[in-house]
$ cat target_37.csv   # CSV, C-alpha atoms
chain,number,residue,atom,x,y,z
A,204,MET,CA,27.9,9.0,-0.4
A,205,SER,CA,27.4,12.1,-2.4
A,206,ARG,CA,24.3,14.2,-1.7
A,207,GLN,CA,23.1,13.5,-5.2
A,208,MET,CA,23.1,9.8,-4.4
A,209,GLN,CA,21.6,10.1,-1.0
A,210,PRO,CA,17.9,9.2,-1.1
A,211,THR,CA,15.2,11.4,0.4
A,212,PHE,CA,12.5,9.7,2.4
A,213,VAL,CA,9.1,11.3,1.7
A,214,LEU,CA,6.8,10.3,4.6
A,215,VAL,CA,3.0,10.3,4.1
A,216,HIS,CA,0.7,10.1,7.2
A,217,GLY,CA,-2.6,8.2,7.6
A,218,ALA,CA,-6.1,9.3,8.4
A,219,PHE,CA,-6.5,12.1,11.0
A,220,GLY,CA,-2.7,12.3,11.1
A,221,ASN,CA,-0.1,14.9,10.1
A,222,SER,CA,3.6,15.4,9.7
A,223,PHE,CA,4.0,15.9,13.4
A,224,SER,CA,3.7,12.2,14.2
A,225,PHE,CA,6.8,11.5,12.1
A,226,ALA,CA,9.1,13.7,14.3
A,227,PRO,CA,10.6,10.8,16.4
A,228,LEU,CA,11.1,8.7,13.2
A,229,GLN,CA,12.8,11.6,11.5
A,230,ALA,CA,15.1,12.1,14.4
A,231,GLU,CA,16.2,8.5,14.2
A,232,LEU,CA,16.6,8.7,10.5
A,233,GLY,CA,18.7,11.9,10.8
A,234,LEU,CA,20.9,10.3,13.4
A,235,LEU,CA,21.5,7.5,11.0
A,236,GLY,CA,22.5,10.0,8.3
A,237,HIS,CA,19.3,10.0,6.3
A,238,ARG,CA,17.4,12.8,4.8
A,239,SER,CA,13.6,12.9,5.2
A,240,VAL,CA,10.6,15.1,4.5
A,241,ALA,CA,7.3,14.6,6.3
A,242,VAL,CA,4.2,15.6,4.3
A,243,ASP,CA,1.0,17.4,5.4
A,244,LEU,CA,-1.7,16.5,3.0
A,245,PRO,CA,-4.3,19.3,2.2
A,246,GLY,CA,-6.3,20.1,5.3
A,247,HIS,CA,-3.8,18.6,7.6
A,248,GLY,CA,-1.1,20.0,9.9
A,249,PHE,CA,-1.4,23.7,10.2
A,250,GLY,CA,-4.0,23.6,7.4
A,251,ALA,CA,-6.4,21.7,9.7
A,252,SER,CA,-9.5,23.0,11.5
A,253,TYR,CA,-9.8,22.9,15.2
A,254,PRO,CA,-13.3,24.3,16.0
A,255,HIS,CA,-13.7,26.3,19.2
A,256,ALA,CA,-16.3,23.6,20.1
A,257,TYR,CA,-13.5,21.1,20.2
A,258,GLN,CA,-11.8,23.0,23.0
A,259,ALA,CA,-12.5,22.4,26.7
A,260,PRO,CA,-15.2,22.6,27.9
A,261,GLN,CA,-16.4,21.0,24.7
A,262,ASP,CA,-19.6,22.0,23.0
A,263,LEU,CA,-20.7,18.7,21.4
A,264,GLU,CA,-23.6,20.2,19.6
A,265,GLY,CA,-21.5,22.9,18.1
A,266,LEU,CA,-18.8,20.3,17.2
A,267,ALA,CA,-21.3,18.3,15.2
A,268,THR,CA,-22.1,21.2,12.9
A,269,ALA,CA,-18.9,23.4,12.8
A,270,PRO,CA,-17.4,23.7,9.3
A,271,GLY,CA,-14.0,22.2,8.5
A,272,SER,CA,-11.3,23.2,6.0
A,273,ILE,CA,-10.9,19.6,4.7
A,274,LYS,CA,-14.4,19.6,3.3
A,275,GLY,CA,-14.2,19.0,-0.5
A,276,VAL,CA,-10.6,17.8,-0.4
A,277,THR,CA,-10.3,14.9,-2.8
A,278,LEU,CA,-7.8,12.1,-3.4
A,279,ALA,CA,-6.8,13.9,-6.5
A,280,ASP,CA,-6.0,16.9,-4.4
A,281,ASN,CA,-3.9,14.8,-2.1
A,282,ALA,CA,-2.1,13.1,-5.0
A,283,ALA,CA,-1.4,16.4,-6.7
A,284,HIS,CA,0.1,17.9,-3.5
A,285,LEU,CA,2.3,14.9,-3.0
A,286,ILE,CA,3.5,14.9,-6.6
A,287,GLY,CA,4.6,18.5,-6.1
A,288,ILE,CA,6.7,17.5,-3.2
A,289,LEU,CA,8.1,14.4,-5.0
A,290,GLU,CA,9.1,16.7,-7.9
A,291,ARG,CA,11.1,18.9,-5.6
A,292,ALA,CA,12.7,16.0,-3.7
A,293,LYS,CA,13.7,14.3,-6.9
A,294,GLU,CA,15.8,17.3,-7.8
A,295,ASN,CA,18.2,16.2,-5.0
A,296,GLY,CA,18.5,12.5,-5.9
A,297,PRO,CA,16.6,9.3,-5.4
A,298,VAL,CA,13.3,9.3,-3.6
A,299,ILE,CA,11.8,6.7,-1.3
A,300,LEU,CA,8.1,7.2,-0.8
A,301,VAL,CA,6.9,5.9,2.6
A,302,SER,CA,3.2,5.8,3.5
A,303,HIS,CA,1.3,4.6,6.5
A,304,SER,CA,-2.3,3.4,6.8
A,305,ARG,CA,-4.7,5.6,4.7
A,306,GLY,CA,-1.7,7.4,3.3
A,307,GLY,CA,-1.1,4.4,1.1
A,308,VAL,CA,-4.1,5.4,-1.0
A,309,THR,CA,-2.5,8.8,-1.8
A,310,ALA,CA,0.9,7.2,-2.4
A,311,THR,CA,-0.6,4.7,-4.8
A,312,ALA,CA,-2.4,7.4,-6.7
A,313,ALA,CA,0.8,9.4,-7.0
A,314,ALA,CA,2.7,6.3,-8.1
A,315,ASN,CA,0.1,5.6,-10.8
A,316,ALA,CA,0.5,9.1,-12.2
A,317,ARG,CA,4.2,9.8,-11.8
A,318,PRO,CA,6.3,6.6,-11.3
A,319,ASP,CA,9.3,8.5,-12.7
A,320,LEU,CA,9.5,10.4,-9.4
A,321,ILE,CA,9.8,7.4,-7.1
A,322,ASP,CA,12.8,5.1,-6.8
A,323,ARG,CA,11.1,2.9,-4.2
A,324,ILE,CA,7.6,2.9,-2.7
A,325,VAL,CA,7.2,1.6,0.9
A,326,TYR,CA,3.9,0.7,2.5
A,327,VAL,CA,3.9,0.4,6.3
A,328,ALA,CA,0.7,-1.4,7.1
A,329,ALA,CA,-0.7,1.0,4.4
A,330,TRP,CA,-3.5,0.7,1.9
A,331,CYS,CA,-2.6,-0.3,-1.6
A,332,PRO,CA,-5.9,-1.5,-3.2
A,333,VAL,CA,-5.7,-3.8,-6.1
A,334,GLU,CA,-8.8,-6.0,-6.4
A,335,LEU,CA,-11.3,-3.9,-4.5
A,336,ASP,CA,-11.9,-0.3,-3.6
A,337,VAL,CA,-10.7,0.6,0.0
A,338,ASN,CA,-14.2,0.7,1.6
A,339,ASP,CA,-15.1,-2.7,0.1
A,340,TYR,CA,-12.2,-4.4,1.9
A,341,TYR,CA,-14.0,-3.7,5.2
A,342,ALA,CA,-16.6,-6.3,4.3
A,343,GLU,CA,-14.0,-9.0,3.6
A,344,PRO,CA,-13.1,-11.8,6.0
A,345,GLU,CA,-9.6,-10.3,6.7
A,346,MET,CA,-11.3,-7.3,8.4
A,347,ALA,CA,-13.7,-9.4,10.5
A,348,THR,CA,-11.8,-8.7,13.7
A,349,VAL,CA,-12.0,-4.9,13.3
A,350,ASP,CA,-14.9,-3.5,15.4
A,351,ALA,CA,-15.9,-0.5,13.3
A,352,ALA,CA,-18.8,0.3,15.5
A,353,SER,CA,-16.7,0.7,18.6
A,354,LEU,CA,-14.4,3.1,16.7
A,355,GLY,CA,-17.4,5.2,15.9
A,356,LEU,CA,-18.2,5.9,19.5
A,357,ALA,CA,-16.6,9.3,19.3
A,358,MET,CA,-17.9,10.3,15.9
A,359,ALA,CA,-19.2,13.9,15.8
A,360,GLY,CA,-21.9,15.0,13.4
A,361,ASN,CA,-23.1,13.5,10.1
A,362,PRO,CA,-20.4,13.0,7.5
A,363,ALA,CA,-22.9,13.5,4.7
A,364,GLU,CA,-24.0,16.9,6.1
A,365,LEU,CA,-20.5,18.0,7.2
A,366,GLY,CA,-18.8,16.9,4.0
A,367,LEU,CA,-16.0,15.3,6.1
A,368,LEU,CA,-15.4,12.7,8.7
A,369,ARG,CA,-15.1,14.1,12.2
A,370,VAL,CA,-14.0,12.3,15.4
A,371,ASN,CA,-13.8,13.7,18.9
A,372,PHE,CA,-10.4,12.5,19.9
A,373,ARG,CA,-10.6,14.7,23.0
A,374,THR,CA,-13.5,12.6,24.4
A,375,ALA,CA,-13.3,11.4,28.0
A,376,ASP,CA,-15.6,8.5,27.2
A,377,PRO,CA,-13.8,5.5,28.7
A,378,ASP,CA,-15.4,3.1,26.2
A,379,ALA,CA,-14.3,5.2,23.2
A,380,LEU,CA,-10.8,5.6,24.6
A,381,ALA,CA,-10.4,1.9,25.3
A,382,ALA,CA,-11.5,1.2,21.7
A,383,PHE,CA,-9.0,3.6,20.3
A,384,LYS,CA,-6.2,2.2,22.4
A,385,ALA,CA,-7.0,-1.4,21.4
A,386,ALA,CA,-7.1,-0.5,17.8
A,387,PHE,CA,-4.1,1.7,17.5
A,388,LEU,CA,-1.6,1.3,20.4
A,389,ALA,CA,-2.5,-1.7,22.6
A,390,ASP,CA,1.2,-2.3,23.3
A,391,GLY,CA,1.8,1.3,24.4
A,392,THR,CA,1.5,2.9,27.8
A,393,ASP,CA,-1.6,5.0,28.6
A,394,ASP,CA,0.5,8.1,28.5
A,395,GLU,CA,2.0,7.2,25.1
A,396,PHE,CA,-1.5,6.5,23.8
A,397,LEU,CA,-2.9,9.8,25.0
A,398,THR,CA,0.1,11.7,23.8
A,399,PHE,CA,-0.4,10.3,20.3
A,400,LEU,CA,-4.1,10.7,20.4
A,401,ASN,CA,-3.6,14.4,21.0
A,402,THR,CA,-1.5,14.7,17.8
A,403,PHE,CA,-4.6,13.6,15.8
A,404,GLN,CA,-6.8,16.2,14.2
A,405,PRO,CA,-10.5,15.8,14.3
A,406,ASP,CA,-11.3,16.0,10.6
A,407,GLU,CA,-10.5,13.7,7.6
A,408,ASN,CA,-11.7,13.9,4.0
A,409,LEU,CA,-14.2,11.4,2.7
A,410,ASP,CA,-12.6,10.5,-0.7
A,411,VAL,CA,-10.6,7.2,-0.7
A,412,GLY,CA,-10.8,6.8,-4.4
A,413,THR,CA,-12.5,4.5,-6.9
A,414,SER,CA,-11.4,1.6,-9.0
A,415,ALA,CA,-9.4,4.0,-11.2
A,416,ASP,CA,-7.2,4.7,-8.2
A,417,ARG,CA,-6.2,1.1,-7.5
A,418,ALA,CA,-2.6,0.1,-8.2
A,419,GLN,CA,-1.9,0.0,-12.0
A,420,ALA,CA,0.6,-2.5,-13.4
A,421,ALA,CA,1.9,-0.3,-16.2
A,422,THR,CA,3.0,2.5,-13.8
A,423,TRP,CA,2.9,1.7,-10.1
A,424,GLY,CA,3.9,-1.9,-11.0
A,425,GLY,CA,7.3,-0.8,-12.3
A,426,ILE,CA,8.5,0.8,-9.1
A,427,PRO,CA,10.5,-1.3,-6.6
A,428,LYS,CA,8.2,-1.8,-3.7
A,429,THR,CA,8.4,-2.9,-0.1
A,430,PHE,CA,5.6,-3.8,2.3
A,431,VAL,CA,6.5,-3.5,6.0
A,432,ARG,CA,4.1,-5.7,7.9
A,433,LEU,CA,3.1,-4.6,11.4
A,434,ALA,CA,2.6,-7.9,13.2
A,435,GLY,CA,0.4,-6.7,16.1
A,436,ASP,CA,-1.7,-4.3,14.1
A,437,ALA,CA,-5.4,-4.5,15.1
A,438,SER,CA,-6.8,-1.8,12.9
A,439,MET,CA,-5.2,-3.2,9.7
A,440,PRO,CA,-5.0,-6.9,10.7
A,441,LEU,CA,-2.1,-8.9,9.5
A,442,ALA,CA,-4.4,-11.0,7.3
A,443,LEU,CA,-5.4,-8.0,5.3
A,444,GLN,CA,-1.8,-6.8,5.0
A,445,ASP,CA,-0.9,-10.2,3.6
A,446,ARG,CA,-3.8,-10.1,1.2
A,447,LEU,CA,-2.7,-6.7,-0.1
A,448,ILE,CA,0.8,-8.1,-0.6
A,449,ARG,CA,-0.5,-11.2,-2.5
A,450,GLU,CA,-2.7,-9.0,-4.7
A,451,GLY,CA,0.2,-6.7,-5.5
A,452,ASP,CA,2.5,-9.6,-6.3
A,453,ALA,CA,-0.2,-11.1,-8.5
A,454,LEU,CA,-0.6,-7.8,-10.4
A,455,THR,CA,3.2,-7.6,-11.1
A,456,PRO,CA,4.7,-11.0,-10.5
A,457,GLU,CA,7.9,-9.9,-12.2
A,458,ASN,CA,8.2,-7.2,-9.5
A,459,PRO,CA,7.0,-8.6,-6.2
A,460,TYR,CA,7.0,-6.9,-2.8
A,461,ASP,CA,10.2,-6.9,-0.7
A,462,VAL,CA,8.5,-7.9,2.6
A,463,ARG,CA,9.7,-6.9,6.0
A,464,THR,CA,8.0,-7.3,9.4
A,465,LEU,CA,8.1,-5.2,12.5
A,466,GLU,CA,6.6,-6.2,15.8
A,467,GLY,CA,4.0,-4.0,17.3
A,468,SER,CA,0.7,-2.2,16.8
A,469,HIS,CA,-0.5,0.3,14.2
A,470,LEU,CA,1.3,3.2,15.9
A,471,LYS,CA,4.1,1.5,17.9
A,472,TRP,CA,6.6,2.0,15.0
A,473,LEU,CA,6.1,5.7,15.3
A,474,VAL,CA,6.3,5.8,19.1
A,475,ASP,CA,9.4,3.6,19.2
A,476,PRO,CA,10.9,4.3,15.8
A,477,ALA,CA,14.4,2.9,16.0
A,478,PRO,CA,13.6,-0.5,14.4
A,479,ALA,CA,11.7,1.1,11.6
A,480,ALA,CA,14.5,3.6,11.0
A,481,ARG,CA,17.0,0.7,10.7
A,482,VAL,CA,14.7,-1.1,8.1
A,483,LEU,CA,14.4,2.1,6.1
A,484,GLY,CA,18.1,2.6,6.2
A,485,GLU,CA,18.5,-0.9,4.7
A,486,LEU,CA,16.1,0.2,1.9
A,487,ALA,CA,18.1,3.4,1.3
A,488,ALA,CA,21.2,1.2,0.8
A,489,LEU,CA,19.3,-0.9,-1.7
A,490,THR,CA,18.1,2.2,-3.6
A,491,VAL,CA,21.6,3.6,-3.8
A,492,ARG,CA,23.0,0.4,-5.2
A,493,SER,CA,20.2,0.1,-7.8
A,494,SER,CA,20.6,3.8,-8.8
A,495,SER,CA,24.4,3.6,-9.2

$ encode --input "target_37.csv" --output "structure tokens"
Amino acid sequence: MSRQMQPTFVLVHGAFGNSFSFAPLQAELGLLGHRSVAVDLPGHGFGASYPHAYQAPQDLEGLATAPGSIKGVTLADNAAHLIGILERAKENGPVILVSHSRGGVTATAAANARPDLIDRIVYVAAWCPVELDVNDYYAEPEMATVDAASLGLAMAGNPAELGLLRVNFRTADPDALAAFKAAFLADGTDDEFLTFLNTFQPDENLDVGTSADRAQAATWGGIPKTFVRLAGDASMPLALQDRLIREGDALTPENPYDVRTLEGSHLKWLVDPAPAARVLGELAALTVRSSS
């Protein structure tokens, strides 16, 4: 395969995440001969804030009020940043945009604006709102099994006052840690869970978009799309994943999702990435055939 035909995977992280969490997946993709780029959205990665109050011994009062660099970052900022990366990647050949969790909101916004830059869009248990805004889905029956209160046990400060969402992932509260593990990596070891938790950053922006940022048939709807279901996902239950698939298919029945399924929790595919890398490799082959 010529380099001009080789797709580039552009990987977009979820809430509180960053490009670092994709390192094991990128290693697997590289060993299979694939090219990939992991994105840090604005205020993420080395652009994140780690207040001194977050360090041990922690100053919880200080943590509740310390400013964060992600304050004021909007979905439009995220989409513009991603589009800039997609433009550069597209210069080298086909682009497969892969998003996880909340990263799907940014991927969808970018696809609405610049479908010409994306040869396939892949959602791995990721948000692609169609009928409702993201926050409104949480009141729906498909999210009834998600205990949002328990996940708020480690919240620091008032989001309205901070202008951002802050979670103390370095807490030693056993109830909070148990809630995090159950939600994100129930099928991982305690060491795997704590290792992943320590890659999270404390701050996330507040903007998850409006009805204008939902998937749009005229733009997003023309891109070949895949939804990778995570069968054991507790934070985005399978019922919600399937609803998002149904809604997307109803929006563009002539271009339905190609649906794949991986076993495991919300984060297991990143901790044990070989199965996901094989699926993405299959999608790369599809993209090459459709581009040739």

$ residues_around --input "target_37.csv" --residues "stretch 240-256 of chain A" --least-positions-apart "6" --cutoff "6 Å" --atoms "all atoms listed in the file" --output "NGL selection string"
:A and (213-215 or 221-222 or 262 or 265-266 or 271-273 or 281)

$ closest_residue --input "target_37.csv" --among "A:Leu285, A:Leu232, A:Cys331, A:Met358" --to "A:Tyr460" --atoms "all atoms listed in the file"
A:Cys331

$ closest_residue --input "target_37.csv" --among "A:Gly424, A:Pro260, A:Gly220, A:Pro318" --to "A:Thr374" --atoms "all atoms listed in the file"
A:Pro260

$ closest_residue --input "target_37.csv" --among "A:Arg369, A:Lys274, A:His237, A:Arg432" --to "A:Leu486" --atoms "all atoms listed in the file"
A:His237

$ closest_residue --input "target_37.csv" --among "A:Val337, A:Leu235, A:Leu447, A:Val298" --to "A:Asp410" --atoms "only C-alpha atoms"
A:Val337

$ atom_distance --input "target_37.csv" --atom1 "atom CA of A:Leu454" --atom2 "atom CA of A:Val431"
18.4 Å

$ closest_residue --input "target_37.csv" --among "A:Asp445, A:Glu264, A:Asp394, A:Asp452" --to "A:Glu345" --atoms "only C-alpha atoms"
A:Asp445

$ closest_residue --input "target_37.csv" --among "A:Ser468, A:Thr422, A:Ser302, A:Thr309" --to "A:Asp436" --atoms "all atoms listed in the file"
A:Ser468

$ residues_around --input "target_37.csv" --residues "A:Leu443" --least-positions-apart "5" --cutoff "10 Å" --atoms "all atoms listed in the file" --output "list in words"
Ala328, Trp330, Tyr340, Tyr341, Glu343, Pro344, Glu345, Met346, Ala347, Ser438, Ile448 and Arg449 of chain A

$ write_last_selection --input "target_37.csv" --atoms "C-alpha atoms" --output "compact mmCIF listing (two decimals), in the frame of the given file"
# COMPACT_ATOMS: atom_id res chain seq x y z
CA ALA A 328 0.70 -1.40 7.10
CA TRP A 330 -3.50 0.70 1.90
CA TYR A 340 -12.20 -4.40 1.90
CA TYR A 341 -14.00 -3.70 5.20
CA GLU A 343 -14.00 -9.00 3.60
CA PRO A 344 -13.10 -11.80 6.00
CA GLU A 345 -9.60 -10.30 6.70
CA MET A 346 -11.30 -7.30 8.40
CA ALA A 347 -13.70 -9.40 10.50
CA SER A 438 -6.80 -1.80 12.90
CA ILE A 448 0.80 -8.10 -0.60
CA ARG A 449 -0.50 -11.20 -2.50

$ build_atoms --input "target_37.csv" --residues "stretch 223-234 of chain A" --atoms "all heavy atoms" --output "mmCIF file, keeping the file's coordinate frame"
data_model
loop_
_atom_site.group_PDB
_atom_site.id
_atom_site.type_symbol
_atom_site.label_atom_id
_atom_site.label_comp_id
_atom_site.auth_asym_id
_atom_site.auth_seq_id
_atom_site.Cartn_x
_atom_site.Cartn_y
_atom_site.Cartn_z
ATOM 1 N N PHE A 223 3.460 15.852 12.094
ATOM 2 C CA PHE A 223 4.000 15.900 13.400
ATOM 3 C C PHE A 223 4.319 14.513 14.000
ATOM 4 O O PHE A 223 5.267 14.337 14.759
ATOM 5 C CB PHE A 223 3.047 16.622 14.398
ATOM 6 C CG PHE A 223 2.534 17.950 13.904
ATOM 7 C CD1 PHE A 223 1.290 18.415 14.265
ATOM 8 C CD2 PHE A 223 3.308 18.743 13.045
ATOM 9 C CE1 PHE A 223 0.816 19.635 13.807
ATOM 10 C CE2 PHE A 223 2.838 19.965 12.577
ATOM 11 C CZ PHE A 223 1.580 20.416 12.964
ATOM 12 N N SER A 224 3.499 13.536 13.617
ATOM 13 C CA SER A 224 3.700 12.200 14.200
ATOM 14 C C SER A 224 4.957 11.533 13.706
ATOM 15 O O SER A 224 5.406 10.540 14.289
ATOM 16 C CB SER A 224 2.472 11.307 13.827
ATOM 17 O OG SER A 224 2.356 11.152 12.430
ATOM 18 N N PHE A 225 5.575 12.070 12.646
ATOM 19 C CA PHE A 225 6.800 11.500 12.100
ATOM 20 C C PHE A 225 8.067 12.048 12.799
ATOM 21 O O PHE A 225 9.176 11.623 12.472
ATOM 22 C CB PHE A 225 6.917 11.708 10.618
ATOM 23 C CG PHE A 225 5.988 10.853 9.799
ATOM 24 C CD1 PHE A 225 5.014 11.438 8.997
ATOM 25 C CD2 PHE A 225 6.094 9.476 9.809
ATOM 26 C CE1 PHE A 225 4.161 10.658 8.231
ATOM 27 C CE2 PHE A 225 5.251 8.681 9.049
ATOM 28 C CZ PHE A 225 4.280 9.276 8.256
ATOM 29 N N ALA A 226 7.919 13.015 13.706
ATOM 30 C CA ALA A 226 9.100 13.700 14.300
ATOM 31 C C ALA A 226 10.071 12.689 14.942
ATOM 32 O O ALA A 226 11.285 12.762 14.697
ATOM 33 C CB ALA A 226 8.669 14.756 15.271
ATOM 34 N N PRO A 227 9.616 11.743 15.778
ATOM 35 C CA PRO A 227 10.600 10.800 16.400
ATOM 36 C C PRO A 227 11.268 9.930 15.313
ATOM 37 O O PRO A 227 12.472 9.658 15.426
ATOM 38 C CB PRO A 227 9.713 9.963 17.316
ATOM 39 C CG PRO A 227 8.543 10.836 17.645
ATOM 40 C CD PRO A 227 8.267 11.580 16.383
ATOM 41 N N LEU A 228 10.530 9.494 14.297
ATOM 42 C CA LEU A 228 11.100 8.700 13.200
ATOM 43 C C LEU A 228 12.153 9.533 12.460
ATOM 44 O O LEU A 228 13.250 9.046 12.137
ATOM 45 C CB LEU A 228 10.056 8.177 12.282
ATOM 46 C CG LEU A 228 10.563 7.413 11.051
ATOM 47 C CD1 LEU A 228 11.301 6.146 11.448
ATOM 48 C CD2 LEU A 228 9.403 7.094 10.106
ATOM 49 N N GLN A 229 11.821 10.786 12.171
ATOM 50 C CA GLN A 229 12.800 11.600 11.500
ATOM 51 C C GLN A 229 14.034 11.874 12.266
ATOM 52 O O GLN A 229 15.124 11.954 11.704
ATOM 53 C CB GLN A 229 12.115 12.971 11.099
ATOM 54 C CG GLN A 229 11.086 12.851 9.988
ATOM 55 C CD GLN A 229 10.623 14.198 9.498
ATOM 56 O OE1 GLN A 229 9.796 14.842 10.135
ATOM 57 N NE2 GLN A 229 11.140 14.635 8.374
ATOM 58 N N ALA A 230 13.894 11.967 13.586
ATOM 59 C CA ALA A 230 15.100 12.100 14.400
ATOM 60 C C ALA A 230 15.977 10.890 14.314
ATOM 61 O O ALA A 230 17.204 11.011 14.164
ATOM 62 C CB ALA A 230 14.664 12.339 15.889
ATOM 63 N N GLU A 231 15.386 9.704 14.345
ATOM 64 C CA GLU A 231 16.200 8.500 14.200
ATOM 65 C C GLU A 231 16.822 8.388 12.833
ATOM 66 O O GLU A 231 17.994 8.017 12.707
ATOM 67 C CB GLU A 231 15.282 7.250 14.453
ATOM 68 C CG GLU A 231 14.904 7.014 15.904
ATOM 69 C CD GLU A 231 16.106 6.614 16.749
ATOM 70 O OE1 GLU A 231 17.038 5.974 16.220
ATOM 71 O OE2 GLU A 231 16.110 6.941 17.951
ATOM 72 N N LEU A 232 16.067 8.724 11.809
ATOM 73 C CA LEU A 232 16.600 8.700 10.500
ATOM 74 C C LEU A 232 17.785 9.690 10.342
ATOM 75 O O LEU A 232 18.832 9.392 9.752
ATOM 76 C CB LEU A 232 15.551 9.023 9.421
ATOM 77 C CG LEU A 232 14.505 7.945 9.169
ATOM 78 C CD1 LEU A 232 13.395 8.481 8.278
ATOM 79 C CD2 LEU A 232 15.122 6.703 8.544
ATOM 80 N N GLY A 233 17.602 10.872 10.897
ATOM 81 C CA GLY A 233 18.700 11.900 10.800
ATOM 82 C C GLY A 233 19.917 11.430 11.542
ATOM 83 O O GLY A 233 21.035 11.648 11.054
ATOM 84 N N LEU A 234 19.749 10.767 12.689
ATOM 85 C CA LEU A 234 20.900 10.300 13.400
ATOM 86 C C LEU A 234 21.628 9.155 12.718
ATOM 87 O O LEU A 234 22.809 8.904 12.970
ATOM 88 C CB LEU A 234 20.482 9.858 14.841
ATOM 89 C CG LEU A 234 20.037 11.011 15.763
ATOM 90 C CD1 LEU A 234 19.419 10.466 17.034
ATOM 91 C CD2 LEU A 234 21.207 11.932 16.087
#
